[in-house]
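Undergrad: Below: one structure in structure tokens.
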Amino acid sequence: MTTPGKPRPKPSVLPGFGGDDAPPQPRGFGPIVASAHLASGASPALSELEFGLMLASHAFHRWMVRGMAAAGLPDLSPLDVMVLHTVNHRGRAKKLADICLVLNIEDTHLVNYALKKLERLGLVKSQKAGKEKAVTISPKGEQACLKYREIREALLVKAVQSVGLNEAAISQVAAMLRGLSGHYDQAARAAASL
């Protein structure tokens, strides 16, 4: 929410994502946020970003589930899909701790449960790696990932390309999101010590 009589600060934008060529915002409207009480602080733009992240994360989770269902696996959760793709990545065996680290998940039991579900479905295989267990993708799991990729190319990639988002701009947004995740992680650690 903006203070009456005080102009809204212009948010910095990435190339290809608005800016001087973006349509002007209607006067009298503040940032689009989920929680006005958070947007009234020192950074309304951060609240705007957080609302965008919420919408994007829910839409992304919905896409993963529906995309994998279209690939023939209708009973997977978003976490199951992420774990499956992580296990398939580069075709190397992965340990539970490595998967959790890559996906930035603290609750190892959630990933462990997903791995057991994927193994029951025949999508991954487990084996001993010293004292630990490692998982690899099965032929069935690899086929599911390839089918998902085919559906993703047809339904998502072409749609994103059609609105003019180029690879460099998308890569820049991805780098910004990875950087922001570090700030949110640090803030979470600080909050846990309060």
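Just remember, in the structure tokens the first chain shown is A, the second B, etc., residues are 1-based per chain, and ligands are 1-based in the order shown.
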With a distance cut-off of 12 Å and only C-alpha atoms, select the neighbouring residues of region 142-153 of chain A, excluding the residue or stretch itself and same-chain residues fewer than 2 positions from it, and output the selection as a PyMOL selection string.
TA: chain A and resi 60+63-74+76+81-91+118+121-125+136-140+155-161
Undergrad: Given the choices A:Asp185, A:Ile32, A:Ala175, A:His109, which gets closest to Glu50 (chain A) if the distance is worked out from only C-alpha atoms?
TA: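 So, comparing all the options, the nearest one is A:Ile32.
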Undergrad: Per DSSP on the backbone, what are the strand (DSSP E) residues of region 4-190 of chain A, as a list in words?
TA: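 Matching residues, listed in order: Lys94, Lys95, Val124, Lys125, Ser126, Gln127, Lys128, Ala129, Glu132, Lys133, Ala134, Val135, Thr136 and Ile137 of chain A.
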Undergrad: State, in Å with one decimal place, the distance from CA of Gly179 (chain A) to CA of Pro44 (chain A).
TA: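 That distance, rounded to one decimal, is 19.1 Å.
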Undergrad: Quick check for you: according to DSSP on this backbone, which residues of region 33-97 of chain A are classed as helix (DSSP H, G or I)? Reply as an MDAnalysis selection string.
TA: chainID A and resid 36:39 44:70 78:91 96:97
Undergrad: Report as a PyMOL selection string all protein, DNA and RNA residues lying within 9 Å of His61 (chain A), evaluated on only C-alpha atoms, omitting residues in the same chain fewer than 6 positions from it.
TA: chain A and resi 77-79
Undergrad: Could you check how far CA of Val111 (chain A) sits from CA of Leu96 (chain A), in Å to one decimal?
TA: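 Between CA of Val111 (chain A) and CA of Leu96 (chain A) the gap works out to 7.3 Å.
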